[in-house]
>>> print(open('work_12.txt').read())   # compact mmCIF, C-alpha atoms
# COMPACT_ATOMS: atom_id res chain seq x y z
CA MET A 1 4.26 -10.54 -7.55
CA LYS A 2 4.56 -10.81 -11.33
CA ILE A 3 4.87 -8.16 -14.00
CA ASN A 4 4.07 -8.64 -17.66
CA LEU A 5 4.74 -6.23 -20.50
CA GLN A 6 2.88 -6.13 -23.79
CA ASN A 7 3.09 -3.62 -26.58
CA VAL A 8 -0.41 -2.81 -27.78
CA ASP A 9 -0.66 -0.29 -30.61
CA GLY A 10 2.54 1.37 -29.50
CA VAL A 11 1.47 1.56 -25.86
CA ALA A 12 3.40 -0.31 -23.17
CA VAL A 13 0.80 -2.21 -21.17
CA VAL A 14 2.27 -3.19 -17.82
CA SER A 15 0.15 -5.84 -16.12
CA ILE A 16 0.95 -6.44 -12.47
CA GLN A 17 -0.24 -9.47 -10.52
CA GLY A 18 -0.20 -9.63 -6.74
CA SER A 19 0.69 -7.01 -4.14
CA VAL A 20 2.75 -3.86 -4.57
CA ASP A 21 4.15 -3.09 -1.14
CA ALA A 22 7.46 -1.83 0.21
CA MET A 23 9.00 -5.20 -0.62
CA THR A 24 7.93 -5.39 -4.25
CA ALA A 25 7.75 -1.69 -5.15
CA GLY A 26 11.45 -1.64 -6.00
CA GLU A 27 10.98 -4.33 -8.61
CA VAL A 28 8.09 -2.41 -10.12
CA GLY A 29 10.21 0.74 -10.18
CA SER A 30 13.04 -1.05 -11.94
CA PHE A 31 10.60 -2.37 -14.50
CA PHE A 32 9.34 1.13 -15.25
CA GLU A 33 12.93 2.30 -15.53
CA GLY A 34 13.53 -0.34 -18.16
CA ILE A 35 10.58 0.97 -20.17
CA ARG A 36 11.90 4.51 -19.87
CA GLU A 37 15.30 3.45 -21.18
CA LYS A 38 13.57 2.13 -24.26
CA ARG A 39 12.05 5.62 -24.68
CA ASN A 40 8.49 4.37 -24.59
CA ASN A 41 6.47 7.32 -23.32
CA ARG A 42 2.97 5.80 -23.43
CA ILE A 43 2.28 3.46 -20.56
CA VAL A 44 -0.83 1.75 -19.24
CA VAL A 45 -0.60 0.13 -15.82
CA ASP A 46 -3.17 -2.66 -15.64
CA LEU A 47 -4.07 -3.12 -11.97
CA GLY A 48 -6.79 -5.69 -12.60
CA GLU A 49 -4.90 -8.41 -10.77
CA VAL A 50 -3.37 -6.25 -8.06
CA ASP A 51 -5.02 -7.17 -4.80
CA PHE A 52 -3.11 -4.77 -2.58
CA VAL A 53 -1.16 -1.56 -2.94
CA SER A 54 0.47 0.33 -0.11
CA SER A 55 1.90 3.84 -0.08
CA ALA A 56 5.15 2.42 -1.44
CA GLY A 57 3.31 1.14 -4.48
CA LEU A 58 1.56 4.45 -5.10
CA ARG A 59 4.83 6.33 -4.82
CA VAL A 60 6.55 4.19 -7.41
CA ILE A 61 3.66 4.59 -9.84
CA MET A 62 3.69 8.36 -9.30
CA SER A 63 7.43 8.46 -9.86
CA ALA A 64 7.07 6.54 -13.13
CA SER A 65 4.32 8.93 -14.18
CA LYS A 66 6.52 11.95 -13.61
CA ASN A 67 9.36 10.39 -15.57
CA VAL A 68 7.19 9.59 -18.56
CA ARG A 69 5.65 13.06 -18.54
CA GLN A 70 9.14 14.51 -18.72
CA MET A 71 9.37 12.56 -21.98
CA GLU A 72 6.16 14.31 -23.10
CA GLY A 73 4.19 11.14 -22.66
CA ASP A 74 1.73 9.83 -20.09
CA LEU A 75 1.01 6.94 -17.75
CA ARG A 76 -2.58 5.83 -17.30
CA LEU A 77 -4.15 3.35 -14.92
CA ALA A 78 -6.63 0.62 -15.69
CA ALA A 79 -8.92 -1.80 -13.88
CA ALA A 80 -8.08 -0.86 -10.31
CA GLN A 81 -9.91 -3.08 -7.82
CA PRO A 82 -12.19 -1.28 -5.30
CA GLY A 83 -9.70 -1.18 -2.44
CA VAL A 84 -6.95 0.14 -4.68
CA GLU A 85 -9.32 2.57 -6.40
CA ARG A 86 -10.28 4.00 -3.04
CA MET A 87 -6.65 4.62 -2.17
CA LEU A 88 -6.16 6.34 -5.51
CA LYS A 89 -9.09 8.65 -4.74
CA ILE A 90 -8.14 9.39 -1.12
CA SER A 91 -4.58 10.28 -2.12
CA GLY A 92 -5.70 12.46 -5.01
CA PHE A 93 -4.08 10.21 -7.58
CA THR A 94 -7.21 10.27 -9.67
CA ASN A 95 -6.82 14.05 -10.02
CA ILE A 96 -3.34 13.54 -11.43
CA LEU A 97 -3.51 10.26 -13.33
CA LYS A 98 -6.30 9.14 -15.61
CA SER A 99 -7.89 5.83 -14.67
CA TYR A 100 -9.97 3.57 -16.90
CA SER A 101 -12.18 0.55 -16.39
CA ASN A 102 -9.96 -1.73 -18.40
CA ALA A 103 -6.67 -1.81 -20.26
CA ASP A 104 -8.27 -1.63 -23.72
CA GLU A 105 -9.96 1.67 -22.90
CA ALA A 106 -6.75 3.02 -21.44
CA VAL A 107 -4.79 2.04 -24.57
CA GLN A 108 -7.42 3.59 -26.84
CA SER A 109 -7.30 6.83 -24.84
CA PHE A 110 -3.80 7.41 -26.16
CA GLY A 111 -5.25 7.82 -29.61
CA SER A 112 -5.91 11.45 -28.70
CA LEU A 113 -2.18 12.05 -28.20
CA SER A 114 -1.41 11.65 -31.90
CA SER A 115 -0.98 14.89 -33.78
CA MET B 116 -21.21 -8.61 21.69
CA GLY B 117 -19.80 -11.63 19.85
CA HIS B 118 -16.87 -13.72 20.89
CA SER B 119 -13.35 -12.48 20.24
CA ILE B 120 -10.67 -14.49 18.53
CA ARG B 121 -7.04 -13.63 19.03
CA TYR B 122 -4.34 -14.21 16.44
CA GLN B 123 -0.66 -13.61 16.86
CA ILE B 124 2.50 -14.07 14.83
CA THR B 125 6.08 -13.01 15.29
CA HIS B 126 8.28 -12.36 12.28
CA SER B 127 11.60 -10.78 11.58
CA ALA B 128 11.52 -7.05 10.89
CA GLU B 129 12.19 -7.47 7.19
CA LEU B 130 10.20 -6.39 4.17
CA LEU B 131 9.77 -10.08 3.28
CA SER B 132 7.54 -10.40 6.35
CA LEU B 133 4.94 -7.88 5.16
CA ALA B 134 3.01 -10.50 3.18
CA ALA B 135 2.79 -12.74 6.24
CA PHE B 136 1.45 -9.91 8.38
CA ARG B 137 -1.24 -9.15 5.79
CA GLU B 138 -2.07 -12.85 5.57
CA LEU B 139 -2.79 -12.91 9.28
CA VAL B 140 -5.28 -10.10 8.75
CA ASP B 141 -6.92 -12.14 6.00
CA LEU B 142 -7.03 -15.20 8.24
CA ALA B 143 -8.68 -13.22 11.02
CA CYS B 144 -11.19 -11.60 8.67
CA ASN B 145 -12.10 -14.95 7.11
CA GLN B 146 -13.53 -16.01 10.47
CA HIS B 147 -15.90 -13.03 10.46
CA PRO B 148 -18.00 -12.97 7.28
CA SER B 149 -19.61 -9.72 8.40
CA ILE B 150 -16.37 -7.86 7.72
CA ASN B 151 -16.72 -6.26 4.30
CA GLU B 152 -13.96 -6.02 1.70
CA GLN B 153 -13.25 -2.35 2.34
CA THR B 154 -12.78 -2.95 6.05
CA ARG B 155 -10.54 -5.91 5.29
CA TYR B 156 -8.42 -3.76 2.98
CA ASP B 157 -8.19 -0.99 5.58
CA LEU B 158 -7.00 -3.45 8.21
CA LYS B 159 -4.35 -4.84 5.88
CA LEU B 160 -3.25 -1.36 4.90
CA GLY B 161 -2.95 -0.15 8.49
CA VAL B 162 -0.92 -3.20 9.48
CA ASP B 163 1.26 -3.01 6.38
CA GLU B 164 2.08 0.66 6.75
CA ALA B 165 2.81 0.31 10.47
CA CYS B 166 5.08 -2.68 9.98
CA THR B 167 6.81 -1.04 7.04
CA ASN B 168 7.73 1.92 9.24
CA ILE B 169 9.18 -0.38 11.88
CA ILE B 170 11.12 -2.36 9.30
CA LEU B 171 12.57 0.70 7.60
CA HIS B 172 13.22 2.83 10.67
CA GLY B 173 12.78 0.88 13.87
CA TYR B 174 15.91 -1.24 13.82
CA GLN B 175 18.27 1.11 11.99
CA GLY B 176 21.77 0.64 13.32
CA MET B 177 20.71 -2.32 15.44
CA ASP B 178 20.82 -6.06 15.07
CA PRO B 179 17.83 -7.32 13.05
CA GLY B 180 14.83 -7.55 15.36
CA SER B 181 11.33 -8.90 15.30
CA ILE B 182 7.75 -7.67 15.12
CA ILE B 183 4.90 -9.20 17.08
CA LEU B 184 1.52 -8.72 15.43
CA THR B 185 -1.60 -9.44 17.47
CA ILE B 186 -5.12 -9.17 16.10
CA GLU B 187 -8.24 -9.53 18.18
CA ILE B 188 -11.53 -9.44 16.34
CA ASN B 189 -15.14 -9.64 17.40
CA ASP B 190 -18.30 -8.72 15.54
CA ARG B 191 -17.92 -5.02 16.24
CA GLN B 192 -14.25 -4.18 16.07
CA ALA B 193 -10.71 -5.20 15.40
CA CYS B 194 -7.97 -4.44 17.92
CA ILE B 195 -4.46 -4.66 16.54
CA SER B 196 -1.24 -4.37 18.44
CA ILE B 197 2.19 -4.30 16.88
CA THR B 198 5.21 -4.60 19.15
CA ASP B 199 8.84 -4.10 18.27
CA PHE B 200 12.04 -3.68 20.24
CA GLY B 201 13.80 -1.05 18.18
CA HIS B 202 13.95 2.71 18.20
CA PRO B 203 10.72 4.43 19.24
CA PHE B 204 8.85 5.89 16.27
CA GLU B 205 5.53 7.43 17.14
CA PRO B 206 3.29 7.43 14.05
CA VAL B 207 1.88 10.92 14.30
CA GLU B 208 -1.02 11.89 12.11
CA VAL B 209 -0.01 13.88 9.03
CA ASP B 210 -1.78 15.69 6.23
CA LEU B 211 -1.86 14.19 2.76
CA PRO B 212 1.49 15.01 1.15
CA ASP B 213 1.54 16.88 -2.12
CA MET B 214 1.33 14.06 -4.64
CA GLU B 215 2.72 16.26 -7.39
CA THR B 216 6.05 16.61 -5.58
CA ILE B 217 6.28 13.35 -3.68
CA GLN B 218 9.30 11.20 -4.46
CA SER B 219 9.43 7.42 -4.42
CA GLU B 220 12.08 7.71 -1.69
CA ASP B 221 9.77 9.69 0.65
CA ASP B 222 8.88 6.65 2.62
CA THR B 223 7.09 7.99 5.66
CA GLU B 224 4.48 10.67 5.20
CA LEU B 225 2.15 8.95 2.76
CA GLY B 226 2.30 5.75 4.78
CA LEU B 227 1.43 7.58 7.99
CA PHE B 228 -1.43 9.31 6.21
CA PHE B 229 -2.91 6.00 5.05
CA MET B 230 -2.39 4.39 8.44
CA HIS B 231 -4.50 7.07 10.09
CA GLN B 232 -7.06 7.03 7.28
CA SER B 233 -7.56 3.29 7.58
CA MET B 234 -7.92 3.08 11.37
CA ASP B 235 -10.33 4.72 13.78
CA GLN B 236 -7.99 4.99 16.75
CA ILE B 237 -4.21 4.77 17.09
CA ASP B 238 -2.20 4.80 20.31
CA TYR B 239 1.51 4.37 20.84
CA GLU B 240 3.48 3.41 23.87
CA SER B 241 7.22 3.09 24.25
CA SER B 242 9.08 1.67 27.20
CA PRO B 243 12.38 -0.12 27.84
CA ALA B 244 10.41 -3.34 27.34
CA GLY B 245 9.49 -2.39 23.79
CA ASN B 246 7.30 -0.21 21.59
CA THR B 247 3.65 -1.06 21.08
CA LEU B 248 1.35 0.47 18.52
CA ARG B 249 -2.35 -0.17 19.15
CA MET B 250 -4.90 0.41 16.44
CA GLN B 251 -8.64 -0.05 16.52
CA LYS B 252 -11.16 -0.21 13.74
CA TYR B 253 -14.89 -0.27 14.31
CA PHE B 254 -16.99 -2.13 11.82
CA PRO B 255 -19.88 -0.42 10.03
>>> encode(input="work_12.txt", output="structure tokens")
Amino acid sequence: MKINLQNVDGVAVVSIQGSVDAMTAGEVGSFFEGIREKRNNRIVVDLGEVDFVSSAGLRVIMSASKNVRQMEGDLRLAAAQPGVERMLKISGFTNILKSYSNADEAVQSFGSLSS
Amino acid sequence: MGHSIRYQITHSAELLSLAAFRELVDLACNQHPSINEQTRYDLKLGVDEACTNIILHGYQGMDPGSIILTIEINDRQACISITDFGHPFEPVEVDLPDMETIQSEDDTELGLFFMHQSMDQIDYESSPAGNTLRMQKYFP
């Protein structure tokens, strides 16, 4: 699994490649923790190249979302593949986290946060 | 009814082994083009969640053990059995946990929920010879 971070218009775009399971979820969690320490409260998680997510992966994403919301920010999802998207729907994630077709749309959605 | 092909691997009960268990599911599904992507994902998810439970809970306080994964597939169904030699842990069906309050450390309920969502039938048997989880999925 690989994780890449880009700053796009002040939004941290986290692109994950591979599988997020109980083995790799810890690494993903640590990565999100690093973003939190830098006080970046606008995060997009690009799942376009994530071929598999288990419950461990969903939990770590939910945990990161809660942390960033405590900082009055938000975490949004992008480009989930069909299998992953289905898991997000079954678990009710899509009622809690906004999900977009691609990372650009997700980044642009943060425009509405500016006051 | 088509022919059945049986696949089996044995790996150590470590998180590192999860990828290999999912790869066996992929290998088995590749031999049956009629299996759609959603079914393939469900099979991988069921296997992954079951093996994760064994790895995290089955051998606690014991010497590191192993997991035997067996997959038998024909044109109509997949039969999966997962055997370990640790503590019995029956994967009872649970409701979807409250996602608003779930913690990243809550490592059981959501996994059990997905295991039952992804499979059509789950049976569990424990004996002094070992614990065997059997899961079946019928293809659409």
>>> residues_around(input="work_12.txt", residues="Ile43 of chain A", least_positions_apart="6", cutoff="6 Å", atoms="only C-alpha atoms", output="ChimeraX atom specification")
/A:11-13,75
>>> residues_around(input="work_12.txt", residues="Val53 of chain A", least_positions_apart="3", cutoff="9 Å", atoms="all atoms listed in the file", output="PyMOL selection string")
(chain A and resi 18-21+50+56-58+83-84+87) or (chain B and resi 160)
>>> residues_near_point(input="work_12.txt", point="(11.2, 5.6, -19.6)", cutoff="10 Å", atoms="all atoms listed in the file", output="mmCIF file with C-alpha atoms, keeping the file's coordinate frame")
data_model
loop_
_atom_site.group_PDB
_atom_site.id
_atom_site.type_symbol
_atom_site.label_atom_id
_atom_site.label_comp_id
_atom_site.auth_asym_id
_atom_site.auth_seq_id
_atom_site.Cartn_x
_atom_site.Cartn_y
_atom_site.Cartn_z
ATOM 1 C CA PHE A 31 10.600 -2.370 -14.500
ATOM 2 C CA PHE A 32 9.340 1.130 -15.250
ATOM 3 C CA GLU A 33 12.930 2.300 -15.530
ATOM 4 C CA GLY A 34 13.530 -0.340 -18.160
ATOM 5 C CA ILE A 35 10.580 0.970 -20.170
ATOM 6 C CA ARG A 36 11.900 4.510 -19.870
ATOM 7 C CA GLU A 37 15.300 3.450 -21.180
ATOM 8 C CA LYS A 38 13.570 2.130 -24.260
ATOM 9 C CA ARG A 39 12.050 5.620 -24.680
ATOM 10 C CA ASN A 40 8.490 4.370 -24.590
ATOM 11 C CA ASN A 41 6.470 7.320 -23.320
ATOM 12 C CA ARG A 42 2.970 5.800 -23.430
ATOM 13 C CA ILE A 43 2.280 3.460 -20.560
ATOM 14 C CA ALA A 64 7.070 6.540 -13.130
ATOM 15 C CA SER A 65 4.320 8.930 -14.180
ATOM 16 C CA LYS A 66 6.520 11.950 -13.610
ATOM 17 C CA ASN A 67 9.360 10.390 -15.570
ATOM 18 C CA VAL A 68 7.190 9.590 -18.560
ATOM 19 C CA ARG A 69 5.650 13.060 -18.540
ATOM 20 C CA GLN A 70 9.140 14.510 -18.720
ATOM 21 C CA MET A 71 9.370 12.560 -21.980
ATOM 22 C CA GLY A 73 4.190 11.140 -22.660
#
>>> interface_residues(input="work_12.txt", of="chain B", to="chain A", cutoff="10 Å", atoms="only C-alpha atoms", output="MDAnalysis selection string")
chainID B and resid 129:134 137 152:157 159:161 163:164 167:168 170:171 211:230 232:233
>>> atom_distance(input="work_12.txt", atom1="atom CA of Ser30 of chain A", atom2="atom CA of Glu49 of chain A")
19.4 Å
>>> atom_distance(input="work_12.txt", atom1="atom CA of Ile182 of chain B", atom2="atom CA of Val209 of chain B")
23.7 Å
>>> residues_near_point(input="work_12.txt", point="(11.0, -2.3, 20.3)", cutoff="8 Å", atoms="only C-alpha atoms", output="VMD selection string")
chain B and resid 173 198 to 203 241 243 to 247
>>> residues_around(input="work_12.txt", residues="Leu248 of chain B", least_positions_apart="2", cutoff="7 Å", atoms="all atoms listed in the file", output="list in words")
Ser196, Ile197, Thr198, Asp238, Tyr239, Glu240, Asn246 and Met250 of chain B
